[in-house]
Each structure stands twice: as structure tokens, then as C-alpha cells.
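Report on the following structure.
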Amino acid sequence: MATLPTKEIDTIHEFGPHRSAMIRGKTTEEPERLVKTHCCFCGQQCGIQLKVRNNSVIGLEPWEDFPFNRGMLCPKGVKRYLQGSHPDRLKTALARDPSAPGGFRSIPYAEAIEKVASEIKRIQEKYGNGSVGVLGGASLTTEKAYLLGKFARVCLKTPFIDYNGRLCMVSAGAGNKKSFGIDRPTSPWSDLLGTEIIWIAGSNIAECSPITTNYIWQAREQGAKVIIQDPRITPAARTCDLYLPIKPGRDAALFAGVLNLMIEHGWIDREFIAEHTVGFERVEEYCRTWPLARTAEVTGVPERSLREAAELWGTAKTSFFLHARGIEHHSNGVDNVFGTINLVLASGRIGKPKSGYGTIVGQANGQGGREHGQKCDQLPGCRDIFNPEHRKYVASVWGIDEKDMPGPGVDAYEMFRRIEKGEIKALLAMCFNPVVSLPDNTYVARALDMLELFVPIDFFLTETGRHANYVLPGSLHEEDEGTVTQVEGRVIKINRAVDCPGDARRDWLIIGDLAKALGRPKGFTFQSPREIFEELRIASKGGVADYSGITYEKIEENMGVFWPCYSHDPKTGEPIDHPGTPRLFERGSYNPVAKGNGPFYFPDGKARFNVGEYRTPVDDANPDFPYYLTTGRVVSHYLSGTQTRRIGPLVKQYPEPRIEMHPKLAEKLGIADGDWTVCETIRSAITLKAQVVTTIRPDTIFIPYHWPGEKSANRLTVASQDPISRIPQYKVCACRVRKADGPPAYAAVLEPQQ
Ligand SMILES: Nc1nc2c(c(=O)[nH]1)N[C@H]1C(S)=C(S)[C@@H](COP(=O)(O)OP(=O)(O)OC[C@H]3O[C@@H](n4cnc5c(=O)[nH]c(N)nc54)[C@H](O)[C@@H]3O)O[C@H]1N2
Ligand SMILES: Nc1nc2c(c(=O)[nH]1)N[C@H]1C(S)=C(S)[C@@H](COP(=O)(O)OP(=O)(O)OC[C@H]3O[C@@H](n4cnc5c(=O)[nH]c(N)nc54)[C@H](O)[C@@H]3O)O[C@H]1N2
Ligand code: SF4
Ligand SMILES: [Mo]
């Protein structure tokens, strides 16, 4: 893997002990212009100004006015601009050619489009329309995500589209929808300031959501207490008020046990529950099966800490609950989410200033990318593809007959099972690197090789791309414009700073080119992202995720607009200039689903309590594989690492994955810090160096997953999925660990001196 010769950032300013993840950066070169846009990486979507010179991004300036991050960035945001000039950047289309160096040769873009289209036609004629699948991604702008969903259903006429948010946001999405009728954090992060208690479950928040963490520190300065629930004492947990060292996969039990204590002590808001919710009785009954001693035994959290959590949360006047993938990446991920929402609803503290609830969005457009139709069961505006009314409306916007609209498809992992069964023969993937990021990924790689046609659209040749027949060169973030919706539900605008190099094309143009080459251009002849957005506004109108009142101008004027934002007053139907909805569920608020019956998005206006059931994880620790393996992230790398493994300073910061383990476990196994160590699950084994740290449970090991091949944590993980959200159970499986006999073969290549 080549790393970049880098232009160094010369001003690095750190913000003190808690804020080392936040850095402001400046380069010395003079730009021709500054382009206000947002970071290409995580779902916080920090505002940033790109310095542009000679049609390339040469650095960045803080964008101090953008209200969310006020100029602050994490290390990834500071170095992001370096990827564009990386020598690996795809500037041409590629065709597989075993005789060419690297297995691919460059071909003209137009030829690649023709070849791909003629292969799709051949495959669809032979096997039917549903033999073609499409994978999308939540780093794409909302315009692209919308267009991809429409392309699959209208142009390819296939039900099989899904996206990499399936690995990320879907447990939270399903839990939110089933509890509130709408899938969005309830409040802007400014409501964190002044709150009494913040509970963070399953998030390495300081490394993964550094700017959100800054809100947490500010809230603490104003008196908030912080509870953190994680099997690892993460950087944020080191200074929290109450740390809950949960055993992986036991969160639902903890939430039920704590709610049980709150009920016993009368620390719940019975009036709110009666007036604004349904279903509490069943939850109450379930919680009674979680008395303190049982909860402590199952979760591994001491009784006194559980009591303290119940009292802190139960007796507060204002509170904010945040969670992330640590509780969501489970076979009962949706139940875990129900557990958190039940704590929030029982407290009655929702829809008010200084109180809130939300999942911390992961990917750049983790929110917008899950609202407008690239999910297998969803249509724009968070509509359901199986709902006849919803189908009819969207078909009318798309100018097709409702009966020609395919039905629901299957989740992204299930698509690989369909490939293995020979049902899906061709796959297009835009913005997805499944060979690194899906669980049990040796299976995924094998499935890709069974396809008759595989075409990724990316700006780098990824590990997944190596299985392609053709690769189409897509656009980097700074080469295109469009909207994304960041962590708080604020719709913002990405602005184009530079042109695509060589034959690389903006992603939405590639979709249009394919539609044309397939002979079905109708509905795909957009001239700009703005045109796509204008159609999306109409397609989302009347849906729960209503964007109809949002315009590019309104976003720019207000530095973002919170959805839902209506073009017509939902009460009177009159055209309005709606300001958007920063805080959901305020008492007396009107929404088009409840029609004045209450603040929640159900016809009766009431929120739903759902039982958050604990189930033992699939592939739980057992005598043969006695430890819990959990996986996740480090601050300097991003997801499958396609981008950050090519940014020199980030690679330097964290060059290799390591096996994190507690000194007690290391001692038991005769392993010292830095020793080559084998981690093995029933599926596979990998060898990495050990990192011995006191900040992890002694029965648990942690491996970050940003690397491919021999270093890939996903060789080990289990492909079990939540029955509702279909999210993979990345956060726990059974493993055993031993000292390696010597360095692995790959280390000999990397470190010839050893
Ligand atoms: N630096 C960096 N930042 C990122 C990303 C990145 O790749 N790198 N990716 C972005 C994306 S897409 C996402 S989804 C977010 C993810 O953000 P997070 O969810 O915060 O990150 P993870 O590392 O996946 O896992 C979070 C924590 O869950 C804990 N955990 C593991 N098992 C359990 C469990 O059973 N219960 C509980 N309560 N906790 C558990 C882990 O110890 C870990 O500290 O980050 C976003 N931000
Ligand atoms: N073991 C384990 N596995 C995990 C997780 C975990 O915690 N543990 N986390 C899961 C989570 S939360 C997530 S979000 C997934 C991420 O899963 P991936 O799909 O692997 O995410 P990325 O690395 O972003 O890969 C997307 C690809 O899209 C490309 N790309 C980015 N932006 C664009 C664009 O605008 N246009 C085009 N054409 N291409 C683009 C990138 O270069 C990259 O190659 O991984 C999941 N996998
Ligand atoms: S990676 Fe996330 S926190 Fe870091 S600068 Fe980018 S958007 Fe902000
Ligand atoms: Mo994610």
C-alpha cells in the first residue's frame, strides 16, 4: 500500500487534555479561492473551507461560522484533502485483464459504459430483471442515493438494491421508527448544553465523534454528569462520572434492569407515560424479570453501579441519551435500541429544551442516505415500498405505473447469499467495500467471484474492486455538489471545489450514462444535482422525511435546515416558508401523521414502548472459544480504510491493527505487549501484534477493522444478523487467543529487517 508524500500542516493547535482529537490546521500555500463545504468522513459533517489552487485542493481553513463545529476538526478532517492527489486515484475506467500488471487495464470510459450496459442487457435477458443487484452507500450525497434507488427500480427494474448503511444505522433506524414513528435524533446538539445527565451507550465517542464529544465536555463544564457504558474504558470513559463495564452483547439486560429499579423507586413519569405513550405495561412486566442481582450477573456490571445509574437517570430533570454501534451491532440490536428509548420515554424528558435522545450517526450521510430510497424496503421520504399508497405516490412522481415498481428486495448480506445461490448474476456497487467491511468476509469474496458481472464505482481500486470485471471511476467528495444530512438531522450542502481528473466522472452522471446506454434514459437525464434535488423534494413530499420545503438557497442562508421541512403547511395545506424542525416532539406541535393528536408520528400521536428483549448473542463465548471478540474503530482511520490508509500522516498515527487485551488476560496467556498473537474464531484466524492495556474487560479483546486481507478483523466476525434490522453482529463473537509461533508471512514482506 502506497502512502502519500505529504504536504505538512504547519499549524497544529491542540485544545488540552480532553480535546487532543481536535486540531485546527492551516497550510502555507496561497489558494486561489476558498470553498465552504463539509468534511467527507463521518456523520458529524463538520464545516470546512477547502483551499483550491490550480484545480486541486491544497489545504484547508477552518470555517468558524458553521454552527456545529465552529472551525474545529479531528485529525481525519485536517488531512482529508491529501487523498485527492494520491497516485492511486482512478483516472480511467478499468477492465479486468489477467495479462495486465495488477490484473486490470485502462479502457476509455465510453467503451466501459457500453460494455457494462451490454452485459447487463445480456444477463437480464437470460435470467430476468432480478438477476441484477445494486449496492449503494451512505457516504453518497442524498441526491445520489435517491437516484440510485430510482435507477434500480425504474431503469433496471430490479428489487435488489441495498446499501452499506445496513452495516451501520439500521438498528437505530428501525428502533426509532417503531418507537417514535420517525427516525431522527430528537434534538440539536445545542440541547446537550445545560442538561443534567448524559448517558452514552456503546460509543467510543472521543475517537469516533470528536466534535460531539466537545459538546459533552462543554455540558460537563456546565454541570452535566456523564455515564458511559462500554466494555472498554474508552478515552471519554476515563473521565466520566459513572462507567458501566458491560460484557459485550448484554445491553438489553442492563437497560431492563435499570428501568426496573426506576419503576421500583418511582423514578418514572407516570403522567407522561399515560398521556403520551402506549405499551408500558408489557415493558414493565418484562423489566420485572430483571431484578438487580440477575442484571448484575448477566451484564458483568456491579450492583452499586446499576443502582447509581438508575438514580442518576431516574431523578434528573433534564437528560440526553446517546448511543452508537456498540449497542446496535448485535443480533438483538433493535431490542437494545428499544431498551434505550424505554429509559427515555419512562423519564418523560423528551421534546423539551436541554433534553434529548439520539443515535450518533456514523457515515457522512448516514442520516440522509437512509431516508430516500436506497434501502431494500424503502422509497423516498422514508416511505415503505410495501405500502400501496406510498408506492402509488412515488410511481406518479417517477412517471411509471405502480405495478411496474418492484417490491421489497433483501438486505446487503442476503444479496451475497443470493449470489452464492446463483440468483443474482450481476452486481453494481457504488460506495461500498464489502470485502473489508462485511462479516465473515472470505465468504463475501468467494461470492463476488461467482458473479458474471461485477462493476464497482469508486475513486480508488479497493479490495472489493479487485474482484471486478469493470471499474468505473467515480467522484471524490470535493468534485461534486449535493446535500447530506448530518448527525442532528440538519440538511447541509456539499460544494464542488475541483473537477474530476481524467476520465473520472461525477457519480450521478455515471448513473445517467448507464441508463442511456441501456436504452432507458427516461427519468435519468438530469443536468445537475440541483435538478435531482428538486425532484427529490417532490418525491419526499408528504412522507415522514419531508424535504419539500428545503432549497439549496435556504440551506446556504441558514447554514443548514432541519428536516422535516414542509413546502405546504401540514395543517392547512397552504404554501408556507417553513423553517424546518430542529427539535422534535415538542408538546402541542403538529405533525402530518398525528394531525394534532399528539407530538409523536403515529395517528394517535403517542410514542410506543416496545419490549427490549435480551437474547444471548449468537456464537457466544464457550469452553472452546472462551473470550469475547469485539471490533470497531480508531481515531485516525475511517471505515474500510480505502481513504485513510492512503493518507500518510494518518497511517503514521496508527499503522497496523493490534489485538487489544487486558494485562490479566495477557499474563494468563503468556503474551507481552507487542508479541505476535493469534486470534481465532470458529471461522478463521488472524495474526497481529498484541496491545496490552488496562482499559478493557479481561474477558474481552478488541480489534479495529479498517484493514483488508490477513489483517482483516472481518475474517473472524460472525454473519449473524438482527431479525428486524438485518444489521450484522459485529460487536461480539467467541474467540480464543494465543501467542503466535512467529511472525505471520505478511510481516516478512512488510518488515524484511526482522
Ligand atoms: N475515527 C473514526 N471515526 C468514525 C468512523 C471511523 O471509521 N473512524 N466511522 C464512523 C461510522 S460509519 C460510525 S458507524 C461511527 C461508529 O462510532 P462508534 O459506535 O462510537 O464506534 P465503534 O468503534 O464501532 O464502537 C463503539 C464502542 O462500542 C463498544 N462496544 C463493543 N461491544 C459492545 C457492547 O456489546 N455493548 C456496548 N455498550 N458497547 C460495546 C466498543 O468497545 C467501542 O468503544 O463512527 C464514525 N466515526
Ligand atoms: N468488524 C466490523 N466491521 C464493520 C464495522 C465494525 O464496527 N466492525 N462497522 C460497519 C459500519 S458501521 C460501516 S458504516 C461499514 C462501512 O462499510 P464500507 O462500505 O466498507 O465503507 P467505506 O470504507 O466507506 O467504503 C465505501 C467505499 O466507497 C468509496 N466512496 C466513498 N465516498 C464515495 C463517493 O462519494 N462516491 C463513490 N463512488 N465512492 C465513494 C470509498 O472509497 C470506499 O471504497 O463497515 C461496517 N463493518
Ligand atoms: S471525520 Fe467527522 S469529526 Fe472529524 S472532521 Fe470529519 S466530520 Fe468532523
Ligand atoms: Mo457506520
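Just so we're on the same page: first chain in the C-alpha cells is A, next is B, and so on; residues restart at 1 for each chain, and ligands are numbered from 1 in the order they show up.
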Nearby polymer residues, ligand 2, at most 7 Å, only C-alpha atoms and all ligand atoms, as a ChimeraX atom specification: /A:137,139-141,164-165,167-168,325,362-363,430-434,436-439,457-460,462,474-477,507,631-633,638-643,705,713-714,717,730-731
Contacts of region 226-238 of chain A at 6 Å (only C-alpha atoms; same-chain gap of 5+ positions) as a PyMOL selection string: chain A and resi 197-202+204+206+243-247+695-697
Could you write those residues out with N, CA and C atoms, as an mmCIF file, in the first residue's frame?
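Done, and the output landed in part00.cif:
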data_model
loop_
_atom_site.group_PDB
_atom_site.id
_atom_site.type_symbol
_atom_site.label_atom_id
_atom_site.label_comp_id
_atom_site.auth_asym_id
_atom_site.auth_seq_id
_atom_site.Cartn_x
_atom_site.Cartn_y
_atom_site.Cartn_z
ATOM 1 N N ILE A 197 -27.799 15.225 32.868
ATOM 2 C CA ILE A 197 -27.149 13.918 32.788
ATOM 3 C C ILE A 197 -27.077 13.455 31.337
ATOM 4 N N ILE A 198 -25.910 12.935 30.954
ATOM 5 C CA ILE A 198 -25.732 12.416 29.586
ATOM 6 C C ILE A 198 -25.323 10.953 29.712
ATOM 7 N N TRP A 199 -26.084 10.080 29.083
ATOM 8 C CA TRP A 199 -25.782 8.643 29.112
ATOM 9 C C TRP A 199 -25.335 8.259 27.710
ATOM 10 N N ILE A 200 -24.124 7.696 27.618
ATOM 11 C CA ILE A 200 -23.578 7.308 26.310
ATOM 12 C C ILE A 200 -23.372 5.792 26.324
ATOM 13 N N ALA A 201 -24.102 5.083 25.492
ATOM 14 C CA ALA A 201 -24.025 3.618 25.472
ATOM 15 C C ALA A 201 -23.436 3.139 24.157
ATOM 16 N N GLY A 202 -22.338 2.386 24.242
ATOM 17 C CA GLY A 202 -21.796 1.757 23.043
ATOM 18 C C GLY A 202 -21.228 2.736 22.050
ATOM 19 N N ASN A 204 -17.455 4.811 21.267
ATOM 20 C CA ASN A 204 -16.126 5.339 21.553
ATOM 21 C C ASN A 204 -16.146 6.780 21.063
ATOM 22 N N ALA A 206 -15.074 9.783 21.872
ATOM 23 C CA ALA A 206 -13.960 10.725 21.699
ATOM 24 C C ALA A 206 -13.176 10.424 20.426
ATOM 25 N N TYR A 243 -18.919 4.745 35.108
ATOM 26 C CA TYR A 243 -18.560 3.857 33.998
ATOM 27 C C TYR A 243 -19.220 2.494 34.219
ATOM 28 N N LEU A 244 -19.920 1.996 33.207
ATOM 29 C CA LEU A 244 -20.603 0.706 33.298
ATOM 30 C C LEU A 244 -19.879 -0.286 32.385
ATOM 31 N N PRO A 245 -19.050 -1.181 32.973
ATOM 32 C CA PRO A 245 -18.193 -2.051 32.155
ATOM 33 C C PRO A 245 -18.942 -3.263 31.619
ATOM 34 N N ILE A 246 -19.846 -3.014 30.711
ATOM 35 C CA ILE A 246 -20.757 -4.052 30.224
ATOM 36 C C ILE A 246 -20.011 -5.180 29.488
ATOM 37 N N LYS A 247 -20.479 -6.397 29.750
ATOM 38 C CA LYS A 247 -19.965 -7.547 28.994
ATOM 39 C C LYS A 247 -20.582 -7.460 27.589
ATOM 40 N N THR A 695 -7.441 -0.861 29.903
ATOM 41 C CA THR A 695 -8.728 -0.206 29.658
ATOM 42 C C THR A 695 -9.730 -1.111 28.962
ATOM 43 N N ILE A 696 -9.640 -2.403 29.192
ATOM 44 C CA ILE A 696 -10.598 -3.314 28.556
ATOM 45 C C ILE A 696 -10.936 -4.414 29.563
ATOM 46 N N ARG A 697 -12.129 -4.963 29.454
ATOM 47 C CA ARG A 697 -12.504 -6.079 30.330
ATOM 48 C C ARG A 697 -11.535 -7.246 30.108
#
Residues of chain A at most 10 Å from ligand 3: nearest atom pair and distance in Å, only C-alpha atoms and all ligand atoms, as CSV:
residue,atom,partner,partner_atom_place_in_ligand_line,distance
A:Ala21,CA,ligand 3,4 (Fe),8.5
A:Met22,CA,ligand 3,4 (Fe),8.0
A:Ile23,CA,ligand 3,5 (S),8.9
A:Arg24,CA,ligand 3,5 (S),9.7
A:His38,CA,ligand 3,7 (S),7.1
A:Cys39,CA,ligand 3,6 (Fe),4.5
A:Cys40,CA,ligand 3,6 (Fe),6.3
A:Phe41,CA,ligand 3,1 (S),4.6
A:Cys42,CA,ligand 3,2 (Fe),3.9
A:Gly43,CA,ligand 3,7 (S),6.0
A:Gln44,CA,ligand 3,7 (S),4.6
A:Gln45,CA,ligand 3,7 (S),3.9
A:Cys46,CA,ligand 3,8 (Fe),4.3
A:Gly47,CA,ligand 3,8 (Fe),7.7
A:Ile48,CA,ligand 3,5 (S),8.2
A:Phe68,CA,ligand 3,8 (Fe),9.5
A:Asn69,CA,ligand 3,8 (Fe),7.5
A:Gly71,CA,ligand 3,5 (S),9.4
A:Met72,CA,ligand 3,5 (S),7.4
A:Leu73,CA,ligand 3,5 (S),4.0
A:Cys74,CA,ligand 3,4 (Fe),4.0
A:Pro75,CA,ligand 3,4 (Fe),6.4
A:Lys76,CA,ligand 3,1 (S),5.1
A:Gly77,CA,ligand 3,5 (S),3.5
A:Val78,CA,ligand 3,5 (S),6.6
A:Lys79,CA,ligand 3,5 (S),9.0
A:Arg80,CA,ligand 3,6 (Fe),8.0
A:Ala206,CA,ligand 3,3 (S),9.4
A:Glu207,CA,ligand 3,3 (S),8.7
A:Cys208,CA,ligand 3,3 (S),7.1
A:Ser209,CA,ligand 3,3 (S),5.4
A:Pro210,CA,ligand 3,3 (S),5.1
A:Ile211,CA,ligand 3,3 (S),5.3
A:Thr212,CA,ligand 3,3 (S),7.8
A:Thr213,CA,ligand 3,3 (S),9.3
A:Gly362,CA,ligand 3,2 (Fe),8.7
A:Gln363,CA,ligand 3,2 (Fe),8.6
A:Ala364,CA,ligand 3,7 (S),7.1
A:Gln486,CA,ligand 3,7 (S),8.9
A:Val487,CA,ligand 3,7 (S),9.7
A:Val635,CA,ligand 3,1 (S),8.7
A:Ser636,CA,ligand 3,1 (S),8.9
A:His637,CA,ligand 3,1 (S),9.1
A:Tyr638,CA,ligand 3,1 (S),7.9
Contact residues around Met661 (chain A) with only C-alpha atoms at 8 Å, ignoring same-chain residues under 4 positions, as a list of chain:residue names: A:Leu665, A:Ala666, A:Ala690, A:Gln691, A:Val692, A:Val693, A:Thr694, A:Ile696, A:Arg697, A:Pro698, A:Thr700, A:Ile701, A:Phe702
Near-Glu452 (chain A) list (9 Å; only C-alpha atoms; drop same-chain fewer than 2 positions) as JSON, numbers by chain: {"A": [119, 123, 425, 426, 427, 449, 450, 454, 469]}
8 Å contact set for region 590-605 of chain A, only C-alpha atoms, chain neighbours under 2 positions out, as a PyMOL selection string: chain A and resi 180-182+276+542+544+570-571+584-588+607
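Counting only C-alpha atoms and all ligand atoms, the residue from A:Pro663, A:Gly366, A:Pro655, A:Gly381 that sits nearest to ligand 4 is A:Gly366.
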Need to verify the contact set: Pro623 (chain A), 12 Å, only C-alpha atoms, exclusion of same-chain residues closer than 3 positions in sequence. Can you return it as a short mmCIF file (atom, residue, chain, number, x, y, z; two decimals) with N, CA and C atoms, in the first residue's frame?
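After the write, around_33.cif holds the following:
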data_model
loop_
_atom_site.label_atom_id
_atom_site.label_comp_id
_atom_site.auth_asym_id
_atom_site.auth_seq_id
_atom_site.Cartn_x
_atom_site.Cartn_y
_atom_site.Cartn_z
N ASP A 619 -23.10 -17.32 18.72
CA ASP A 619 -21.65 -17.54 18.81
C ASP A 619 -21.08 -16.86 20.06
N ASP A 620 -21.72 -17.13 21.20
CA ASP A 620 -21.27 -16.55 22.48
C ASP A 620 -20.06 -17.34 22.99
N PRO A 626 -13.20 -19.12 24.57
CA PRO A 626 -13.68 -18.59 25.85
C PRO A 626 -13.77 -17.07 25.98
N TYR A 627 -13.32 -16.31 24.98
CA TYR A 627 -13.31 -14.85 25.14
C TYR A 627 -14.26 -14.19 24.15
N TYR A 628 -14.59 -12.92 24.48
CA TYR A 628 -15.46 -12.14 23.59
C TYR A 628 -14.57 -11.30 22.67
N ALA A 734 -17.38 -15.36 19.72
CA ALA A 734 -16.48 -16.12 20.60
C ALA A 734 -15.12 -16.29 19.94
N CYS A 735 -14.06 -16.13 20.73
CA CYS A 735 -12.72 -16.31 20.15
C CYS A 735 -11.79 -16.97 21.15
N ARG A 736 -10.68 -17.47 20.64
CA ARG A 736 -9.58 -17.84 21.53
C ARG A 736 -8.33 -17.12 21.06
#
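Closest approach to ligand 1 among A:His323, A:Arg105, A:His467, A:Lys126 is made by A:His323 (distances from only C-alpha atoms and all ligand atoms).
Residues within 12 Å of Pro575 (chain A), counting only C-alpha atoms and excluding same-chain residues fewer than 3 positions away, are A:Ser548, A:Gly549, A:Cys565, A:Tyr566, A:Ser567, A:His568, A:Asp569, A:Pro570, A:Lys571, A:Thr572, A:His578.
Nearest-residue note for ligand 1: choosing from A:Gly194, A:Gly399, A:Pro501, A:Gly326, the minimum distance belongs to A:Gly326, counting only C-alpha atoms and all ligand atoms.
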Atom-to-atom span, CA of Glu479 (chain A) and CA of Thr142 (chain A), Å: 15.4 Å
